[in-house]
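Structure first, commentary second.
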Amino acid sequence: MTAGDFTTLASMYTLFSRVGGIAVLCAAFRQHIRTSVEEIVKDVNNDDDMVQKLLDLKSAADTTITTAFLTNNMNDAETSAGTKTPDSEFVYSLKDAFASGFRARRNKPAEMIAKFLDKAMRKGQGSSTDAEFQALLDSVLALYRYTDDKDVFRTFYHRSLAKRLLLEKSASIDFEASMLKKLKEVLGAEYDPEFGMGEDMFKDLSLSKEAMAEYHAKLPSNSFGQRLSVMVLQRSAWPFTVTKKSVDLPISMQKELVNYANDYKLRHSGHVLSWDHALGTATLKARFDAGYKDLSVSLYQAVVLLLFNDAVEIPFTDIMAQTRMDDDELRRTLQSLACGKKKVLLKIPPGKDVNDGDVFKFNADFKDERLRVHINSIQAKVTPEESKRTNETIEGDRKHYIDAAIVRIMKAKKEMMHEQLMIATIDAVKSHFVPIVDTIKKRVESLVESEYLRRSEKDKEKFFYVA
Ligand SMILES: *[C@@H]1O[C@H](CO)[C@@H](O)[C@H](O)[C@H]1NC(C)=O
């Protein structure tokens with residue numbers, strides 16, 4: 001199989017079938033696939049290649065079955081003698097081998113599958129045809145089906161989709177919509193039905209666009225507000241937590257937001273607007289010695305750069321005091337402006353890390369061939385911190401999910417033995433993830449402590465529901 005020698009594999013299949021040895025061959029096939037999947041997912045130093053390797057393996061295994069492991073189609077009297085179809089035992093074994101191979105490492109494969117799709121959706125189909133690109137997406141979805149950790153996939157997918165849409169990084173909105181449809185439809189009965197999330201996101205974006213056009217139409221054509229673009233998002237549809245400490249915007253910008261908010265209130269009296277600038281973007285016209293450039297930056301980068309309208313050099317601590325940005329966020333922002341490829345600011349002294357004693361200076365000598373210069377920020381990328389936060393969110397959600405399942409089960413049954421409760425709980429949450437027995441035990445303990453459940457005094461294994 002490793003050599004892709006389908007002719008020999010086909011001969012093997014024929015020979016094994018003559019001596020009633022198909023079960024042996026099938027077991028060896030299954031073992032080979034399973035071991036290969038395990039090796040790939042457990043290779044922690046090459047997580048970034050995991051999905052591509054799995055796709056290659058799956059495709060080779062599919063080809064093996066469809067070219068070498070063919071059986072005479074005896075059930076179908078209509079087809080002429082000699083029609084052959086892939087042996088269903090092997091088809092089944094392939095699925096099983098992938099699913100059990102994935103279990104060698106929890107959570108990470110599901111995360112990597114979502115990240116692989118994120119890359120694919122950003123990059124788009126390139127020179128491949130629609131059908132080829134759809135086939136790639138389908139094959140990635142096939143991998144998703146094998147993981148137990150559907151919630152991990154969904155959470156990462158949801159977040160990256162949100163970023164693609166808000167930062168306009170998606171190669172094709174049509175493909176986004178068709179992907180969501182697939183996730184929902186294919187997953188409808190058998191899998192996760194919660195992919196309806198995308199619909200609310202798309203709706204928010206198109207309503208925002210309309211509302212923005214109406215707002216602009218009301219303003220004088222030369223007013224500053226014409227350059228404002230606001231997306232109004234329902235909290236429940238988007239996977240972002242409220243950022244508590246954000247940034248102080250320049251007064252002129254802040255004024256536009258107040259104008260917008262006042263107008264919004266007139267149209268939607270019951271709604272509360274709160275601003276989230278973390279994914280905001282801006283275009284600045286910057287004058288360097290070599291000429292004007294349009295800088296396409298994140299809103300955080302813009303706020304920092306605008307300070308240099310009033311001063312050529314500013315110490316780190318002053319930038320901090322004037323913007324009131326989160327410490328880490330400010331350091332990362334300054335790094336992107338002064339330590340990356342496009343240095344529109346200079347750091348004194350030079351270096352990779354931003355220290356408290358640093359001073360920043362406008363780089364008047366900045367040059368670039370293009371008129372429009374995009375300065376990378378970490379905004380669009382998934383940072384390790386963000387992955388960590390996502391991990392914590394998922395772990396927290398799992399606890400709530402297990403708690404809710406246990407309470408639901410106990411409420412219905414009133415009393416139950418520990419073992420049965422375990423089994424019922426695993427069954428109740430399995431379409432989202434497969435919980436670790438130890439975690440369920442801990443959740444049961446905590447529910448006893450918070451008096452949702454009571455442990456029997458006579459039998460430590462028995463639990464009662466506390467109404
Ligand atoms: C979260 O991170 C821990 C530690 O790295 C890991 O064991 C766990 O599987 C992760 N959970 C999820 C849901 O990714």
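Going by the structure tokens order, chains are called A, B, ..., each with residues numbered from 1, while ligands are numbered from 1 in the order shown.
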
Site check for ligand 1: residues at most 7 Å away, only C-alpha atoms and all ligand atoms, as a PDB file with N, CA and C atoms, in the first residue's frame:
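Here's the written file out.pdb:
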```pdb
ATOM      1  N   ARG A 106      -6.523  13.452  21.502  1.00  0.00           N
ATOM      2  CA  ARG A 106      -7.787  14.155  21.639  1.00  0.00           C
ATOM      3  C   ARG A 106      -7.662  15.618  21.191  1.00  0.00           C
ATOM      4  N   ASN A 107      -8.748  16.165  20.656  1.00  0.00           N
ATOM      5  CA  ASN A 107      -8.925  17.601  20.397  1.00  0.00           C
ATOM      6  C   ASN A 107      -8.078  18.208  19.274  1.00  0.00           C
ATOM      7  N   LYS A 108      -6.773  17.917  19.296  1.00  0.00           N
ATOM      8  CA  LYS A 108      -5.902  18.608  18.343  1.00  0.00           C
ATOM      9  C   LYS A 108      -6.295  18.356  16.884  1.00  0.00           C
ATOM     10  N   VAL A 152     -14.838  21.041  19.349  1.00  0.00           N
ATOM     11  CA  VAL A 152     -13.578  21.745  19.109  1.00  0.00           C
ATOM     12  C   VAL A 152     -13.565  22.289  17.685  1.00  0.00           C
ATOM     13  N   ASN A 391      -9.255  27.243  23.740  1.00  0.00           N
ATOM     14  CA  ASN A 391      -9.171  25.985  24.481  1.00  0.00           C
ATOM     15  C   ASN A 391      -9.899  26.109  25.821  1.00  0.00           C
ATOM     16  N   GLU A 392      -9.647  27.221  26.516  1.00  0.00           N
ATOM     17  CA  GLU A 392     -10.291  27.398  27.827  1.00  0.00           C
ATOM     18  C   GLU A 392     -11.807  27.519  27.695  1.00  0.00           C
ATOM     19  N   ILE A 394     -13.644  26.172  25.367  1.00  0.00           N
ATOM     20  CA  ILE A 394     -14.198  24.847  25.067  1.00  0.00           C
ATOM     21  C   ILE A 394     -14.245  23.999  26.337  1.00  0.00           C
ATOM     22  N   GLU A 395     -13.142  24.019  27.097  1.00  0.00           N
ATOM     23  CA  GLU A 395     -13.116  23.215  28.324  1.00  0.00           C
ATOM     24  C   GLU A 395     -14.226  23.659  29.284  1.00  0.00           C
TER      25      GLU A 395
END
```

As a PyMOL selection string, please: the residues near Asp353 (chain A) (cut-off 12 Å, only C-alpha atoms, same-chain neighbours under 6 positions excluded).
chain A and resi 328+330-336+338-340+347

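Taking CA of Leu54 (chain A) and CA of Asn72 (chain A) as the two end points, the separation is 29.8 Å.
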
Check region 311-422 of chain A with DSSP on the backbone and list each residue it calls helix (DSSP H, G or I), as a PyMOL selection string.
chain A and resi 316-323+327-338+384-413+418-422

Counting only C-alpha atoms, figure out which residue out of A:Pro349, A:Pro86, A:Gly291, A:Pro250 gets nearest to Glu369 (chain A).
A:Gly291
